[in-house]
Amino acid sequence: MRKITRREFIARAAGLAAACEIGRRLGPAATTAADAWPAVVVARGTNADTAAAILKTALDGIGGIGRFVKPGQTVAIKPNATWAYPPGTASSTDPDLLRALIQMVREAGAKRIIVLDRSTLWPAAEALQISGLGKVLDEMGVEKVIPEGYLAPAQICTMVEFPKAKVPEFRKIPMLKAAVEADVRINMAVAKSHLVTKYTMCLKHMMGFMQQPNALHVQLEQGIADINTESAVRAHLHILEAIRVRLPVGAARQAGGDDNEITNPRRVKRLNEIVVGTDPVLIDAYGCIKYFSIKPQELTHVKFAAEAGVGEIDVEKAIAAGRLQTFIVGQPTPTPTATLTPTATQITAATATRTPTQGPSPTPTRVPTNTPLPTPEPYIAHAAPTRSHPKAESEAAAPGAVADPTPFLGVALIPAAAVVAGASIVVRQRLEHDALRPGGAPSTPSEEDADARETDDR
Amino acid sequence: MLAKPTTADRQQRRGLLDRAARRSVQLGFLLLFLYPLALTAYQRVTSRAAPSFTSWLLPWDPLLLAGHLAHRNWAAIVIGAPLLLLALTLLLGRFFCGWVCPIGAVLDLVRPLAFWRRRKPRSPRTIAVNRGGKPGRPAGVRLFDRHTNSRLRYWILIGALAAGVFSLQALGLLDPLVIFHRTATALASNAFALRMPALRAFFSLISLLFLGILLLELWQPRFWCRNLCPLGALISVFARFSLLNRRVSSACTLCGECQRVCAMNAIPRREPHDTDYTACTFCLECESACPNGGISFGFGTLAGKQWQRRPRNPQVGRGPQLEGSYVAKPTGFGARISRRELIGGVAAGVAGVALAPAIQLARGRALLRPPGALPEEEFVRTCILCQECVRVCPTGGLKPTAFEGGLAAVGTPHLVPRVGACTRNPSCPHLCAQVCPVAAIRPIAADQVKIGRAVVDHDLCLAWDQQVKCLVCVEACLVEAALVYNGRIIVDPLRCTGCGRCENACPVAGSAIHVKPFAELT
């Protein structure tokens, strides 16, 4: 056997290593199905399109909800239910959008659907009722975990480790147990301005899984990047709602308010876009450019998240590589914004055959929402949001109708009946007894009797 | 073949049915009074909005009406429910204590637990011989003797009313209905939030009063009702003239069985024919306990009269004689109040008057009161510590005060923003004012809320101390009172409503921004 020389050994070893490295880098890209889909898909509609139609287009572009939700799984959906402002103000998640997503997730075969959020600033019942989300949750009959205040009860939380977090305090943070234990987590953010971080999108929205969101404010920007690193609560699907976008006006950067696109068009803009994806940094970077006209690097927490390796910040590169694609609602062929790579072409073809959203939906379940905005329902605390039934709804619709103040008033009839029954038994026994006395007639000694006895005694 | 039921059998069955019926009435009322609390607990658990359901019990309380009048709030006389209760008392005696009162119901449920305490039947005749003295109230009994009822309850009533005249709220502290309500609220509000402030509130003095009443029950039956209860005292003043009364026929053999079963000691030891209507709750236990069937209840004017022994009328024979061997002797009102008792009552009034300034002296720090609360002194005087506002507060920020506010403020509600902020502005329909049974919290408009003012602790605030852009308080503030100025937090005193959202939100341990009451600021 020929002896191998040192030079040959080094050369062959280097060659083998290079081949392995090339194979490792090339291999999965060609074989894994997940990478065949774009990381982020933008769906753009018009005022005539419903939220459900835009969402459907976006999800079809990324492989359908079935790619994320498998039958029998538990799904945690985190909408923005923090603000008690009516729909259309771009403060909370659009109720129609949430309803559409829950329906899709249910059709995909999810066993349990849990909707969770932290209602930090408002009482949860109030926020749910005014934002219209509570009605959706009751209608759809899903579970909800929405603790109030800045500190959720410890028994519904569990510790989650963030090994890659930069700030040592954030390596172990208590998070909502329901989110951690769910098989699939879906993060539904709204593109809004924000007082501290300037803008808030998918990355910051992940704070809603925390037990104590205000604790992150100590180092907010780095903290947001940290909680988005690899962990047990990382969301599988991010949805950025830009049907309406809340913009800053001067120094006022509010994340919630009761002004809408009609009362304050400078602040609330209607854009009819929904961005879905698996890469929150890319979604936020796209949002920075598209909605807020700033560079993604200007948004500190997005920059930090990109540096931490959470995702990709270069939007142009992503578009060029087909990792970010834009689809128009109702168009059979999606319009690519850049030259498609061969893989992307296949996706386009696949999407084209799959798109069921042919034009504005043929049987719209709801009048398109470019009609006047729904008038905010006044919040009445004692009219606690209950499971709606048709009669109650029709009554509530009538002007001046008063909702049932206490849904359980009927329960009080049970102890009241016990009181009446007991009292009647006693009275009846007395009457019967009097009738059965040896004397025969009920005997009631009268005043005269007593007086007579006294005089008799004397 | 079944034996024909004898009279004794029938009477026994009747007795059992009566007892079941009475338990049913008591439990029914108990559940009715617990209903608003159950609603609160349900809505806390399911995180639905808190109801503005006022207690069904407190509006009937004549003692609270008396408190109003003691505070010279004469307009309260138009409150109909307590007057109706007193009118019913003239008809049915102390039925409220035996059939309606929730504390009485709980005590009746607890009493069988005292298995070690069995009253042995003793013949009243032997007692009379052994002790000597004339019938009626025996001389020389010790205080809280098991077989007599102390009149301390009248003195407590007089003392509390006298203290009320001099602006001290003692009636609310001792009122049994309020005690029940307070304890049940503490349980309903805190059972599902095992946090330290909640536990402290639960174990604070005022809730322990109920525990004390329960323990006293294990010592002597209905100890509280017989000896201490001020509401019972007020009711028994009217119950003395009750139209419903107890009759003892000549079938009585002085066996003492009725006295054994009477939990209220309403049957005097030496005179089983007589009835103390200031104690009898018409529980009907003695009726079925009498082995000779000699006891019955009916309407008439026998109450308020004392029975007097008279020789048996031989012409009537052996049949049941309703009038028995005793004759009713009319007694005037007040005839049974001895000089000693009169002096005691006066002494109680003096003590009550003296108590007021003594407690007012021991003042603590100022507290954040709910929005729309009366001015501090008037608030402390008016609040009956019933915890209704604590129950309905949608954020749970209202908590009962322990000792931090001084002795006079124990049990009154105060806002703890760290637990929950006030949401009167803009959304809460002012639930605390809606449920307050004595109007110590008055409804005000949402933009009128002014509880206190937020003050930034510059040593702790992240923005001041470390130049960290935290700004949670600015985000939480709804009236734009917390502002950023050169990267630091300042509070606009004119805009700040003191709702406490900022303090609730601050991420610093123990909060770097505190809402302070105005008394502390100026």
# chains A, B, ... in the order shown; residues from 1 in each chain; ligands from 1
>>> residues_around(residues="B:Gln26", least_positions_apart="6", cutoff="7 Å", atoms="only C-alpha atoms", output="tab-separated table (two decimals) with C-alpha atoms, in the first residue's frame")
chain	number	residue	atom	x	y	z
B	99	TRP	CA	-84.67	33.99	60.83
B	100	VAL	CA	-82.94	36.64	58.74
B	105	ALA	CA	-77.59	31.88	60.55
>>> closest_residue(among="A:Leu203, A:Val233, A:Leu128, A:Val420", to="A:Lys303", atoms="only C-alpha atoms")
A:Leu203
>>> residues_around(residues="B:Lys399", least_positions_apart="5", cutoff="6 Å", atoms="only C-alpha atoms", output="PyMOL selection string")
chain B and resi 390+413-414
>>> atom_distance(atom1="atom CA of B:Cys290", atom2="atom CA of B:Asn149")
22.3 Å
>>> atom_distance(atom1="atom CA of B:Ala233", atom2="atom CA of B:Ala186")
26.6 Å
>>> select_by_dssp(residues="stretch 212-450 of chain B", states="strand (DSSP E or B)", output="ChimeraX atom specification")
/B:244-248,295-299,305-309,326-330,363,373,398-400,406,413-415,441
>>> write_last_selection(atoms="N, CA and C atoms", output="compact mmCIF listing (two decimals), in the first residue's frame")
# COMPACT_ATOMS: atom_id res chain seq x y z
N LEU B 244 -96.65 39.14 68.43
CA LEU B 244 -96.51 37.68 68.48
C LEU B 244 -95.98 37.31 69.85
N ASN B 245 -96.56 36.26 70.46
CA ASN B 245 -96.06 35.90 71.78
C ASN B 245 -96.16 34.40 72.02
N ARG B 246 -95.54 34.01 73.11
CA ARG B 246 -95.42 32.60 73.46
C ARG B 246 -96.36 32.31 74.62
N ARG B 247 -97.16 31.24 74.50
CA ARG B 247 -98.08 30.92 75.59
C ARG B 247 -97.69 29.57 76.18
N VAL B 248 -97.83 29.47 77.49
CA VAL B 248 -97.57 28.22 78.18
C VAL B 248 -98.85 27.83 78.90
N ILE B 295 -96.76 24.38 74.91
CA ILE B 295 -96.28 25.68 74.42
C ILE B 295 -96.88 25.95 73.05
N SER B 296 -97.37 27.14 72.84
CA SER B 296 -97.86 27.53 71.52
C SER B 296 -97.53 29.00 71.30
N PHE B 297 -97.63 29.41 70.01
CA PHE B 297 -97.34 30.80 69.67
C PHE B 297 -98.56 31.41 69.02
N GLY B 298 -98.85 32.62 69.31
CA GLY B 298 -99.99 33.27 68.70
C GLY B 298 -99.91 34.77 68.84
N PHE B 299 -100.85 35.46 68.24
CA PHE B 299 -100.85 36.92 68.30
C PHE B 299 -101.76 37.39 69.42
N LYS B 305 -96.14 41.96 79.16
CA LYS B 305 -96.75 41.71 80.45
C LYS B 305 -95.98 40.58 81.14
N GLN B 306 -95.96 40.65 82.41
CA GLN B 306 -95.23 39.65 83.16
C GLN B 306 -96.21 38.65 83.74
N TRP B 307 -95.77 37.42 83.78
CA TRP B 307 -96.65 36.42 84.36
C TRP B 307 -96.49 36.40 85.87
N GLN B 308 -97.62 36.15 86.50
CA GLN B 308 -97.58 36.13 87.96
C GLN B 308 -98.24 34.84 88.42
N ARG B 309 -97.59 34.23 89.39
CA ARG B 309 -98.12 32.95 89.86
C ARG B 309 -99.50 33.14 90.51
N TYR B 326 -100.80 30.93 85.76
CA TYR B 326 -100.20 32.24 85.94
C TYR B 326 -101.13 33.27 85.35
N VAL B 327 -101.01 34.46 85.78
CA VAL B 327 -101.84 35.52 85.23
C VAL B 327 -100.91 36.60 84.69
N ALA B 328 -101.36 37.20 83.59
CA ALA B 328 -100.53 38.23 82.98
C ALA B 328 -100.63 39.50 83.79
N LYS B 329 -99.48 40.05 84.14
CA LYS B 329 -99.46 41.27 84.93
C LYS B 329 -98.89 42.38 84.05
N PRO B 330 -99.63 43.44 83.82
CA PRO B 330 -99.09 44.46 82.92
C PRO B 330 -97.90 45.16 83.55
N ARG B 363 -53.86 60.09 65.35
CA ARG B 363 -53.98 60.22 63.90
C ARG B 363 -52.73 59.66 63.23
N ALA B 373 -64.84 61.20 47.51
CA ALA B 373 -65.00 60.97 48.94
C ALA B 373 -65.25 62.31 49.63
N LEU B 398 -58.62 49.90 45.54
CA LEU B 398 -59.13 50.31 46.85
C LEU B 398 -58.90 49.19 47.84
N LYS B 399 -58.28 49.54 48.96
CA LYS B 399 -57.96 48.53 49.98
C LYS B 399 -58.39 49.07 51.32
N PRO B 400 -58.79 48.19 52.25
CA PRO B 400 -59.09 48.68 53.59
C PRO B 400 -57.81 49.10 54.31
N GLY B 406 -54.07 55.92 61.33
CA GLY B 406 -54.53 56.25 62.68
C GLY B 406 -55.69 55.38 63.07
N PRO B 413 -61.66 52.78 53.32
CA PRO B 413 -60.97 52.46 52.07
C PRO B 413 -59.95 53.52 51.71
N HIS B 414 -58.83 53.09 51.15
CA HIS B 414 -57.90 54.04 50.56
C HIS B 414 -57.30 53.43 49.31
N LEU B 415 -56.81 54.29 48.45
CA LEU B 415 -56.32 53.85 47.14
C LEU B 415 -54.85 53.47 47.25
N ILE B 441 -69.00 58.36 49.74
CA ILE B 441 -68.39 58.66 48.44
C ILE B 441 -69.51 59.17 47.56
